[in-house]
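Student: Structure provided below as structure tokens; questions to follow.
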Amino acid sequence: MTPLAPAYPAYVISDVHLNVGDPQTLRLFLEFLQHDGFQAKTLVILGDLFDAWIGDDAADNLAYQVASVLRRRHEQGTQIYFVPGNRDFLMGQAYCTTAGMKWVEEPVVLVGTDQATALIHGDRLCTDDHRYQRFREKTQNPRWRARVLQLPVWARRLMRRWARWQSQRHGSRQQKHSPQIMDINAQTVAEFAQAYGVERLIHGHTHRLGMHPATSPATPERWVLGDWHAGQGSYMAVKPEGCELYTLSLNAQMHLTQARLEPPPTH
């Protein structure tokens, strides 16, 4: 657990999935960071900043372009925190330092909010997907990560291609036969909230943008960040008095536009 007393407002994003095959989303993300309306004093990235990450020593030109803009934002006064996701759990301190980010472990528990608020990537909540949880348990093991990072870059690239194929195959099968297991498990959410004393939970991973009100004292208010793709994205603005959810897109002139979701969608 990482207690965090951020300077507010804090922006929270997740699942940007940057990759060379989606230049519009890269443009959107860089516009977001450099926009005159960017008011965040703190930025928290809840994992999957990149579509895949096989080690800091394998960072490409896109990764360094992103790092340069993130560092510039940091130098302009925004504190940036990175929580690893299921796509970039191999990101290390070297790249984070280059990008002006601080690598932190989830859950991140915010100090100074109107409700006890925790931030996580979100994959730990999808406990109905037993196969994925076995994979996640393996990737959370520091010794397993160290062994993978000792492999040559070419071998890790092959592993990435194999893992993506397996993931897409598994995801397609689940979407067809049992899509519900790819969402969060309500009991797991309740247990998490009880364990950490959480009244509000903010996460990504499921890509199901929206807000779920608390339905009982045992369940937290839950905000879900959407994924970024094809020049569209979302972020959450957290202030001491509450939260607001925004969508992002590029207009015809390739300039950033944003809209507050009021009320936020529920599922």
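Going by the structure tokens order, chains are called A, B, ..., each with residues numbered from 1, while ligands are numbered from 1 in the order shown.
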So which bits of segment 35-128 of chain A end up alpha helix (DSSP H) when you DSSP the backbone, as JSON, numbers by chain?
Tutor: {"A": [61, 62, 63, 64, 65, 66, 67, 68, 69, 70, 71, 72, 73, 74, 75, 93, 94, 95, 96, 97, 98]}
Student: Go ahead and dump the residues you just picked, C-alpha atoms, as a compact mmCIF listing (two decimals), in the first residue's frame.
Tutor:
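New file result00.txt:
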# COMPACT_ATOMS: atom_id res chain seq x y z
CA ASN A 61 11.78 5.96 -29.97
CA LEU A 62 8.09 6.22 -29.07
CA ALA A 63 8.87 5.47 -25.43
CA TYR A 64 11.56 8.15 -25.31
CA GLN A 65 9.29 10.67 -27.03
CA VAL A 66 6.67 10.04 -24.36
CA ALA A 67 9.31 10.22 -21.60
CA SER A 68 10.50 13.60 -22.88
CA VAL A 69 7.00 15.12 -22.71
CA LEU A 70 6.26 13.56 -19.32
CA ARG A 71 9.51 14.94 -17.91
CA ARG A 72 8.72 18.38 -19.28
CA ARG A 73 5.34 18.25 -17.51
CA HIS A 74 7.11 17.18 -14.32
CA GLU A 75 9.59 20.05 -14.63
CA GLN A 93 12.82 2.72 -12.13
CA ALA A 94 15.24 3.57 -14.94
CA TYR A 95 12.53 4.54 -17.40
CA CYS A 96 10.42 6.18 -14.70
CA THR A 97 13.37 8.38 -13.74
CA THR A 98 13.90 9.35 -17.37
Student: Set the distance at 12 Å and use only C-alpha atoms: which residues neighbour segment 81-83 of chain A once local chain neighbours fewer than 4 positions away are removed? I'd like the list as a short mmCIF file (atom, residue, chain, number, x, y, z; two decimals) with C-alpha atoms, in the first residue's frame.
Tutor:
data_model
loop_
_atom_site.label_atom_id
_atom_site.label_comp_id
_atom_site.auth_asym_id
_atom_site.auth_seq_id
_atom_site.Cartn_x
_atom_site.Cartn_y
_atom_site.Cartn_z
CA MET A 1 0.00 0.00 0.00
CA THR A 2 1.20 3.51 -0.87
CA LEU A 4 -0.18 9.54 -1.03
CA ALA A 5 -0.90 13.14 -0.04
CA PRO A 6 -0.97 14.72 -3.50
CA ALA A 10 -4.97 15.28 -9.21
CA TYR A 11 -5.62 13.78 -12.63
CA VAL A 12 -5.91 9.99 -12.91
CA ILE A 13 -5.59 8.07 -16.18
CA SER A 14 -5.33 4.40 -17.12
CA ASP A 15 -5.04 2.09 -20.12
CA LYS A 41 -0.63 19.41 -9.84
CA THR A 42 -0.47 15.61 -9.62
CA LEU A 43 -0.85 12.98 -12.34
CA VAL A 44 -1.36 9.32 -11.44
CA ILE A 45 -1.04 6.74 -14.24
CA LEU A 46 -2.80 3.53 -13.23
CA GLY A 47 -0.96 1.14 -15.52
CA ASP A 48 -0.96 0.09 -19.17
CA LEU A 49 0.58 3.37 -20.29
CA PHE A 50 2.07 1.31 -23.12
CA LEU A 70 6.26 13.56 -19.32
CA ARG A 71 9.51 14.94 -17.91
CA HIS A 74 7.11 17.18 -14.32
CA ARG A 87 0.74 -4.73 -19.88
CA ASP A 88 3.69 -2.82 -18.39
CA PHE A 89 4.50 -4.66 -15.16
CA LEU A 90 8.14 -4.93 -16.35
CA MET A 91 8.61 -1.16 -16.36
CA GLY A 92 11.37 -0.24 -13.94
CA GLN A 93 12.82 2.72 -12.13
CA TYR A 95 12.53 4.54 -17.40
CA CYS A 96 10.42 6.18 -14.70
CA THR A 97 13.37 8.38 -13.74
CA ALA A 99 10.22 10.28 -17.63
CA GLY A 100 10.10 12.22 -14.36
CA MET A 101 7.76 9.65 -12.79
CA LYS A 102 7.84 7.89 -9.45
CA TRP A 103 7.07 4.16 -9.53
CA VAL A 104 4.65 3.23 -6.74
CA GLU A 105 2.87 0.07 -5.65
CA GLU A 106 -0.89 -0.27 -5.55
CA PRO A 107 -3.15 0.36 -3.80
CA VAL A 108 -2.47 4.07 -3.67
CA LEU A 119 -6.42 3.87 -6.70
CA ILE A 120 -5.50 0.55 -8.39
CA HIS A 121 -5.05 -0.72 -11.92
CA GLY A 122 -8.05 -3.02 -11.49
CA HIS A 203 -9.52 1.85 -11.27
CA GLY A 204 -9.08 1.00 -14.93
#
Student: Can you list, as a PyMOL selection string, every protein, DNA or RNA residue that comes within 12 Å of Gly37 of chain A when you count only C-alpha atoms, leaving out same-chain residues fewer than 5 positions away?
Tutor: chain A and resi 31-32+256-258
Student: Rounded to one decimal, what separation in Å do you get between atom CA of Thr139 of chain A and atom CA of Pro84 of chain A?
Tutor: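 These atoms are spaced 11.0 Å apart.
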Student: Step one, run DSSP on the backbone; step two, keep only residues of segment 66-250 of chain A assigned to strand (DSSP E or B); then write them as a VMD selection string.
Tutor: chain A and resid 79 to 82 101 to 103 108 to 110 117 to 120 200 to 203 210 to 212 221 to 224 229 232 to 239 242 to 250
Student: For the residues in the current selection, export N, CA and C atoms as a short mmCIF file (atom, residue, chain, number, x, y, z; two decimals), in the first residue's frame.
Tutor:
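Resulting contents of out.cif:
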data_model
loop_
_atom_site.label_atom_id
_atom_site.label_comp_id
_atom_site.auth_asym_id
_atom_site.auth_seq_id
_atom_site.Cartn_x
_atom_site.Cartn_y
_atom_site.Cartn_z
N GLN A 79 3.63 16.59 -10.18
CA GLN A 79 4.19 15.35 -9.66
C GLN A 79 3.51 14.18 -10.38
N ILE A 80 4.30 13.23 -10.88
CA ILE A 80 3.76 12.14 -11.68
C ILE A 80 4.09 10.81 -11.00
N TYR A 81 3.05 9.98 -10.85
CA TYR A 81 3.21 8.66 -10.22
C TYR A 81 2.74 7.59 -11.19
N PHE A 82 3.48 6.49 -11.24
CA PHE A 82 3.16 5.39 -12.14
C PHE A 82 2.89 4.12 -11.34
N MET A 101 8.83 10.31 -13.54
CA MET A 101 7.76 9.65 -12.79
C MET A 101 8.34 8.94 -11.57
N LYS A 102 7.48 8.72 -10.59
CA LYS A 102 7.84 7.89 -9.45
C LYS A 102 7.04 6.61 -9.51
N TRP A 103 7.71 5.47 -9.50
CA TRP A 103 7.07 4.16 -9.53
C TRP A 103 6.54 3.85 -8.14
N VAL A 108 -2.84 2.72 -4.08
CA VAL A 108 -2.47 4.07 -3.67
C VAL A 108 -3.67 4.63 -2.90
N VAL A 109 -3.46 5.00 -1.66
CA VAL A 109 -4.53 5.52 -0.81
C VAL A 109 -4.31 7.02 -0.64
N LEU A 110 -5.28 7.80 -1.13
CA LEU A 110 -5.15 9.25 -1.12
C LEU A 110 -5.45 9.83 0.25
N THR A 117 -10.20 7.17 -0.29
CA THR A 117 -10.11 6.85 -1.72
C THR A 117 -8.86 6.05 -2.03
N ALA A 118 -9.03 4.96 -2.78
CA ALA A 118 -7.91 4.13 -3.21
C ALA A 118 -7.86 4.06 -4.72
N LEU A 119 -6.65 3.98 -5.27
CA LEU A 119 -6.42 3.87 -6.70
C LEU A 119 -5.68 2.56 -6.98
N ILE A 120 -6.17 1.79 -7.96
CA ILE A 120 -5.50 0.55 -8.39
C ILE A 120 -5.67 0.41 -9.89
N ARG A 200 -14.23 4.99 -1.55
CA ARG A 200 -14.24 5.28 -2.99
C ARG A 200 -13.07 4.53 -3.63
N LEU A 201 -13.36 3.86 -4.74
CA LEU A 201 -12.33 3.10 -5.45
C LEU A 201 -12.28 3.59 -6.89
N ILE A 202 -11.08 3.91 -7.37
CA ILE A 202 -10.87 4.35 -8.74
C ILE A 202 -9.94 3.35 -9.41
N HIS A 203 -10.36 2.84 -10.57
CA HIS A 203 -9.52 1.85 -11.27
C HIS A 203 -9.76 1.90 -12.77
N GLY A 210 -17.20 4.69 -16.38
CA GLY A 210 -18.42 5.02 -15.67
C GLY A 210 -18.23 5.07 -14.16
N MET A 211 -19.34 5.26 -13.45
CA MET A 211 -19.33 5.34 -12.00
C MET A 211 -20.43 4.45 -11.44
N HIS A 212 -20.11 3.72 -10.38
CA HIS A 212 -21.06 2.83 -9.71
C HIS A 212 -21.25 3.31 -8.29
N GLU A 221 -18.09 3.41 -3.39
CA GLU A 221 -18.37 4.10 -4.65
C GLU A 221 -17.22 3.75 -5.59
N ARG A 222 -17.56 3.37 -6.82
CA ARG A 222 -16.51 2.86 -7.72
C ARG A 222 -16.53 3.62 -9.05
N TRP A 223 -15.38 4.22 -9.37
CA TRP A 223 -15.21 4.95 -10.62
C TRP A 223 -14.28 4.15 -11.53
N VAL A 224 -14.69 3.98 -12.79
CA VAL A 224 -13.92 3.18 -13.74
C VAL A 224 -13.46 4.06 -14.89
N HIS A 229 -8.01 4.91 -27.23
CA HIS A 229 -7.83 4.26 -28.53
C HIS A 229 -8.35 5.17 -29.62
N GLN A 232 -9.20 8.78 -28.82
CA GLN A 232 -10.18 9.06 -27.78
C GLN A 232 -9.65 8.54 -26.44
N GLY A 233 -10.02 9.21 -25.36
CA GLY A 233 -9.55 8.78 -24.05
C GLY A 233 -10.40 9.39 -22.95
N SER A 234 -9.93 9.24 -21.72
CA SER A 234 -10.65 9.79 -20.58
C SER A 234 -9.67 10.03 -19.44
N TYR A 235 -10.09 10.89 -18.53
CA TYR A 235 -9.33 11.08 -17.30
C TYR A 235 -10.28 11.48 -16.19
N MET A 236 -9.79 11.37 -14.98
CA MET A 236 -10.57 11.73 -13.80
C MET A 236 -9.85 12.85 -13.06
N ALA A 237 -10.60 13.86 -12.69
CA ALA A 237 -10.05 14.94 -11.88
C ALA A 237 -10.51 14.74 -10.44
N VAL A 238 -9.55 14.56 -9.56
CA VAL A 238 -9.84 14.33 -8.15
C VAL A 238 -9.46 15.58 -7.36
N LYS A 239 -10.42 16.06 -6.59
CA LYS A 239 -10.21 17.21 -5.71
C LYS A 239 -10.60 16.82 -4.29
N GLY A 242 -14.33 16.05 -4.11
CA GLY A 242 -15.00 15.07 -4.96
C GLY A 242 -14.27 14.81 -6.27
N CYS A 243 -14.98 14.13 -7.19
CA CYS A 243 -14.37 13.67 -8.44
C CYS A 243 -15.22 14.09 -9.64
N GLU A 244 -14.57 14.25 -10.78
CA GLU A 244 -15.23 14.52 -12.04
C GLU A 244 -14.58 13.68 -13.12
N LEU A 245 -15.40 13.17 -14.04
CA LEU A 245 -14.92 12.31 -15.11
C LEU A 245 -15.03 13.05 -16.43
N TYR A 246 -13.96 13.00 -17.24
CA TYR A 246 -13.91 13.72 -18.51
C TYR A 246 -13.55 12.77 -19.65
N THR A 247 -14.11 13.04 -20.82
CA THR A 247 -13.69 12.35 -22.03
C THR A 247 -12.78 13.29 -22.83
N LEU A 248 -11.91 12.70 -23.62
CA LEU A 248 -10.97 13.43 -24.46
C LEU A 248 -11.07 12.94 -25.89
N SER A 249 -10.84 13.84 -26.84
CA SER A 249 -10.81 13.44 -28.24
C SER A 249 -10.06 14.49 -29.04
N LEU A 250 -9.78 14.18 -30.29
CA LEU A 250 -9.16 15.11 -31.22
C LEU A 250 -10.22 15.58 -32.21
#
Student: What separation in Å, quoted to one decimal, exists between atom CA of Ala40 of chain A and atom CA of Leu28 of chain A?
Tutor: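 Rounded to one decimal, the two atoms are 16.7 Å apart.
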Student: Can you list, as number ranges by chain, every protein, DNA or RNA residue that comes within 12 Å of Val148 of chain A when you count only C-alpha atoms, leaving out same-chain residues fewer than 6 positions away?
Tutor: A: 53-55, 89-90, 138-139, 141-142, 154-160
Student: Using only C-alpha atoms, can you tell me which of A:Pro217, A:His207, A:Tyr8, A:His255 comes closest to Asp36 of chain A?
Tutor: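 Looking at the shortest contact to Asp36 of chain A, the residue is A:His255.
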Student: Please indicate the distance in Å from atom CA of Phe135 of chain A to atom CA of Leu151 of chain A, rounded to one decimal place.
Tutor: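 Atom-to-atom, atom CA of Phe135 of chain A to atom CA of Leu151 of chain A, that is 18.9 Å.
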Student: My list of candidates is A:Gln140, A:Gln150, A:Thr78, A:Asn19. Which is closest to Asp57 of chain A when distances are computed with only C-alpha atoms?
Tutor: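 Ranked by minimum distance to Asp57 of chain A, first place goes to A:Gln150.
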Student: Would you list the contacts of Asn185 of chain A as JSON, numbers by chain, taking every protein, DNA or RNA residue within 9 Å and counting only C-alpha atoms, but skipping same-chain residues closer than 6 positions in sequence?
Tutor: {"A": [125, 126, 127, 128]}
Student: For the selection you just gave me, I'd like the residues written to a file as a short mmCIF file (atom, residue, chain, number, x, y, z; two decimals), in the first residue's frame, keeping all heavy atoms.
Tutor:
data_model
loop_
_atom_site.label_atom_id
_atom_site.label_comp_id
_atom_site.auth_asym_id
_atom_site.auth_seq_id
_atom_site.Cartn_x
_atom_site.Cartn_y
_atom_site.Cartn_z
N LEU A 125 -9.21 -7.24 -9.29
CA LEU A 125 -10.62 -7.38 -8.96
C LEU A 125 -11.34 -8.40 -9.84
O LEU A 125 -12.47 -8.79 -9.52
CB LEU A 125 -11.33 -6.03 -9.09
CG LEU A 125 -10.76 -4.88 -8.26
CD1 LEU A 125 -11.49 -3.58 -8.60
CD2 LEU A 125 -10.87 -5.18 -6.77
N CYS A 126 -10.73 -8.80 -10.94
CA CYS A 126 -11.39 -9.70 -11.90
C CYS A 126 -11.13 -11.16 -11.52
O CYS A 126 -10.54 -11.94 -12.28
CB CYS A 126 -10.90 -9.41 -13.32
SG CYS A 126 -11.21 -7.71 -13.85
N THR A 127 -11.57 -11.53 -10.35
CA THR A 127 -11.21 -12.83 -9.78
C THR A 127 -12.02 -14.00 -10.34
O THR A 127 -11.72 -15.15 -10.03
CB THR A 127 -11.34 -12.80 -8.25
OG1 THR A 127 -12.63 -12.27 -7.90
CG2 THR A 127 -10.27 -11.91 -7.64
N ASP A 128 -13.05 -13.71 -11.14
CA ASP A 128 -13.79 -14.81 -11.79
C ASP A 128 -12.99 -15.42 -12.93
O ASP A 128 -13.26 -16.54 -13.35
CB ASP A 128 -15.14 -14.32 -12.32
CG ASP A 128 -16.10 -13.97 -11.20
OD1 ASP A 128 -16.01 -14.62 -10.13
OD2 ASP A 128 -16.92 -13.07 -11.37
#
Student: From the set A:Asp114, A:Glu137, A:Asp129, A:Asp51, which residue has the shortest atom-to-atom contact distance to Glu199 of chain A, counting only C-alpha atoms?
Tutor: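 Among the listed residues, A:Asp114 lies closest to Glu199 of chain A.
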Student: Got a sec: who's within 8 Å of Val189 of chain A, counting only C-alpha atoms, leaving out chain neighbours fewer than 5 positions off, as a list in words?
Tutor: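 The residues that qualify are Leu125, Ile184, Thr219 and Pro220 of chain A.
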Student: What would the file look like if the residues just selected were written as an mmCIF file, in the first residue's frame with all heavy atoms?
Tutor:
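Result file is again.cif:
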data_model
loop_
_atom_site.group_PDB
_atom_site.id
_atom_site.type_symbol
_atom_site.label_atom_id
_atom_site.label_comp_id
_atom_site.auth_asym_id
_atom_site.auth_seq_id
_atom_site.Cartn_x
_atom_site.Cartn_y
_atom_site.Cartn_z
ATOM 1 N N LEU A 125 -9.208 -7.240 -9.290
ATOM 2 C CA LEU A 125 -10.623 -7.385 -8.956
ATOM 3 C C LEU A 125 -11.343 -8.396 -9.840
ATOM 4 O O LEU A 125 -12.473 -8.795 -9.522
ATOM 5 C CB LEU A 125 -11.332 -6.028 -9.089
ATOM 6 C CG LEU A 125 -10.762 -4.877 -8.255
ATOM 7 C CD1 LEU A 125 -11.490 -3.583 -8.596
ATOM 8 C CD2 LEU A 125 -10.866 -5.180 -6.766
ATOM 9 N N ILE A 184 -15.227 -7.004 -12.986
ATOM 10 C CA ILE A 184 -14.842 -7.166 -11.582
ATOM 11 C C ILE A 184 -15.807 -8.102 -10.852
ATOM 12 O O ILE A 184 -16.943 -8.297 -11.279
ATOM 13 C CB ILE A 184 -14.773 -5.789 -10.886
ATOM 14 C CG1 ILE A 184 -16.149 -5.098 -10.896
ATOM 15 C CG2 ILE A 184 -13.730 -4.905 -11.548
ATOM 16 C CD1 ILE A 184 -16.968 -5.308 -9.672
ATOM 17 N N THR A 219 -19.960 -1.768 0.295
ATOM 18 C CA THR A 219 -19.449 -1.577 -1.063
ATOM 19 C C THR A 219 -19.051 -0.122 -1.272
ATOM 20 O O THR A 219 -19.796 0.794 -0.914
ATOM 21 C CB THR A 219 -20.502 -1.965 -2.114
ATOM 22 O OG1 THR A 219 -21.671 -1.164 -1.921
ATOM 23 C CG2 THR A 219 -20.853 -3.428 -2.014
ATOM 24 N N PRO A 220 -17.877 0.127 -1.847
ATOM 25 C CA PRO A 220 -17.440 1.507 -2.062
ATOM 26 C C PRO A 220 -18.074 2.100 -3.323
ATOM 27 O O PRO A 220 -18.525 1.380 -4.217
ATOM 28 C CB PRO A 220 -15.928 1.355 -2.251
ATOM 29 C CG PRO A 220 -15.789 0.015 -2.915
ATOM 30 C CD PRO A 220 -16.862 -0.849 -2.304
#
